[in-house]
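Student: Below you will find the structure I want to go over with you.
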Number of protein chains: 2
Amino acid sequence: MAEVIAPATRAPREPRNGVNTPTLFATINAVKEMPALAQFKFRVSNQWRSGTHSESRIESFSGAGGEHYHQSEFRYGADHPAVLVGQDRGPTPIEFLLHGLASCITAGIGNIAAARGVTLTSVESHVEGEIDLQGLLGISDTVRNGYERIRISFTIAGDAPPEKLREIVEQSRARSAVFDVLTNGVPVDITVNTRA
Amino acid sequence: MAEVIAPATRAPREPRNGVNTPTLFATINAVKEMPALAQFKFRVSNQWRSGTHSESRIESFSGAGGEHYHQSEFRYGADHPAVLVGQDRGPTPIEFLLHGLASCITAGIGNIAAARGVTLTSVESHVEGEIDLQGLLGISDTVRNGYERIRISFTIAGDAPPEKLREIVEQSRARSAVFDVLTNGVPVDITVNTRA
């Protein structure tokens, strides 16, 4: 709390909140100059293990004109819990959407606060999704399969007035990739190959 | 050819594919008898670490008339990669949506195949999401923030003709919670609390 809130127009910003703000601005400017750099493809490979348990690998993606590998390969299991006749070897698939939502808006908060010269102390969030399983269990044709509603509550602290902290969260929401996909939907194409 | 999960009208199936099919049918019947059991709430708590890095905990959920804890607490990081000015301490938030999609449809495939008496040998999938970062970087107001399209490709093998295997994937898609949320969207409410 010792730092003075920087004027909104000061540039360039120094690194803050663990964000290399000059590099962030340089990246945005580079993409402005050459929009083809903005085309990204993210990928996940999944293998069924047993029952409702499967495992995904996340290794590489393309973007900024090339192929990239994550520093390490990430592996995540997913399963149904015992009450839903699974073995609970991982969270349910639909819980990962909540993690995606919270972490996406939170990442944006880190960047936007740095860009606005605000030093953050903490950002916590709790997400809850309500689902009526009569849909996916095939018991009802009028109940949807997925969440009926998601609620996310942020608690944010930093060296700015409450109103400015709220604006940072709102700006992150307004530019969140996961919030957009979850609230607006996205076309999903499925293809199926069979093997003997 | 088109079978459905209809426990009331079919002879009990034996366990198969790691699915306790009799318990699955009993669970569906119990929910039919008492629809309140179908109301579930899934939850994730997230804490910002630094920059674009945050960590989520997944511990408990409510449903089937009570509170439940996962057998172990699950923790997942998320971050932006170096090319997007992050530290790559986890996948990007939006990659977790792809994991959720693949694992949700795959879990359904395991259950539906067991219910239809099909023994699976393997189920693999590859998911790819296309995103134009001009949206979330704030460079364009006409480009959306999230994925423009997701493609998922399944390769499935088991002791059934190709057409029956395809029907299992299609039935899983038709009842997938994550597919529903991603393609149709869901209302998301955000609240913000500030701390000094």
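The chains in the structure tokens are called A, B, ... from first to last as shown; in each chain the residues are counted from 1, and the ligands are counted from 1 in the order shown.
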May I have the residues within 8 Å of Phe179 in chain A as an NGL selection string, using only C-alpha atoms and disregarding those fewer than 6 positions away in the same chain?
Tutor: (:A and (101 or 104-105 or 173)) or (:B and (146 or 188))
Student: State the Cα RMSD (Å, one decimal) obtained when chain B is least-squares superposed onto chain A, all Cα atoms paired in order.
Tutor: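 Result of the CA superposition: 3.4 Å.
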Student: Quick one: residues within 12 Å of Ser153 in chain B, only C-alpha atoms, excluding same-chain residues fewer than 3 positions away - as a PyMOL selection string?
Tutor: (chain A and resi 43-47+188-194) or (chain B and resi 98+101-102+105-106+123-129+150+156+166+169)
Student: So which residues touch Trp48 in chain B within 12 Å, counting only C-alpha atoms, skipping near sequence neighbours fewer than 5 positions away, as a PyMOL selection string?
Tutor: (chain A and resi 17-18+102-111+120-126+154-157) or (chain B and resi 53-57+76-79)
Student: Of the residues A:Glu95, A:Glu14, A:Asp180, A:Asp132, which is the one nearest to Tyr147 in chain B, using only C-alpha atoms?
Tutor: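 Once distances to Tyr147 in chain B are computed over only C-alpha atoms, the minimum belongs to A:Asp180.
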Student: Please provide the set of residues having any atom within 9 Å of range 85-88 of chain A, restricted to only C-alpha atoms, with same-chain residues fewer than 2 positions apart removed, written as a list in words.
Tutor: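 In the requested form, the answer reads Gly51, Thr52, His53, Ala78, Asp79, His80, Pro81, Ala82, Val83, Gly90, Pro91 and Thr92 of chain A; Gly18, Val19, Asn20, Thr21, Thr23, Leu24, Thr27, His70, Gln71 and Ser72 of chain B.
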Student: Can you list, as an MDAnalysis selection string, every residue of range 105-183 of chain A that DSSP puts in strand (DSSP E)?
Tutor: chainID A and resid 120:132 149:158
Student: From a backbone DSSP assignment, name each residue in chain A labelled helix (DSSP H, G or I), as JSON, numbers by chain.
Tutor: {"A": [21, 22, 23, 24, 25, 26, 27, 28, 29, 30, 31, 32, 33, 35, 36, 37, 38, 82, 83, 84, 93, 94, 95, 96, 97, 98, 99, 100, 101, 102, 103, 104, 105, 106, 107, 108, 109, 110, 111, 112, 113, 114, 115, 162, 163, 164, 165, 166, 167, 168, 169, 170, 171, 172, 173, 174, 177, 178, 179, 180, 181, 182, 183, 184]}
Student: CA of Arg75 in chain B and CA of Leu137 in chain A, how far apart in Å?
Tutor: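 Straight-line distance from CA of Leu137 in chain A to CA of Arg75 in chain B works out to 27.8 Å.
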Student: So how far away is CA of Arg49 in chain A from CA of Val178 in chain A, in Å?
Tutor: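 Computing it gives 27.5 Å between the two atoms.
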Student: B:Val118, B:Ala38, B:Tyr69, B:Asp141: which is nearest chain A, counting only C-alpha atoms?
Tutor: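 Using only C-alpha atoms, chain A sits closest to B:Ala38.
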Student: Name all residues at most 10 Å from Val31 in chain B (count only C-alpha atoms; drop same-chain ones fewer than 3 positions away) and give them as a list of chain:residue names.
Tutor: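 Here the answer would be A:Leu133, A:Gln134, A:Leu137, A:Ile139, B:Phe25, B:Ala26, B:Thr27, B:Ile28, B:Met34, B:Pro35, B:Ala36, B:Leu37, B:Ala38, B:Gln39, B:Ala64.
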Student: In Å, how far is it from CA of Thr119 in chain A to CA of Ala160 in chain A?
Tutor: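 That distance, rounded to one decimal, is 7.9 Å.
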Student: When you look at Pro187 in chain A with a cut-off of 8 Å (counting only C-alpha atoms), what residues show up, excluding the ones that are within fewer than 3 positions of it in the same chain? I need them as a short mmCIF file (atom, residue, chain, number, x, y, z; two decimals) with N, CA and C atoms, in the first residue's frame.
Tutor:
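Final file, out-v7.cif:
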```cif
data_model
loop_
_atom_site.label_atom_id
_atom_site.label_comp_id
_atom_site.auth_asym_id
_atom_site.auth_seq_id
_atom_site.Cartn_x
_atom_site.Cartn_y
_atom_site.Cartn_z
N GLU B 148 -13.35 -19.14 -31.98
CA GLU B 148 -14.29 -18.96 -33.09
C GLU B 148 -14.88 -20.31 -33.50
N ARG B 149 -14.13 -21.37 -33.26
CA ARG B 149 -14.59 -22.71 -33.63
C ARG B 149 -13.78 -23.74 -32.84
N ILE B 150 -14.44 -24.83 -32.48
CA ILE B 150 -13.75 -25.96 -31.84
C ILE B 150 -14.02 -27.19 -32.70
N LEU B 182 -20.81 -25.41 -23.95
CA LEU B 182 -19.94 -24.75 -24.94
C LEU B 182 -20.70 -24.32 -26.18
N THR B 183 -21.68 -25.11 -26.61
CA THR B 183 -22.37 -24.75 -27.86
C THR B 183 -23.53 -23.80 -27.62
#
```
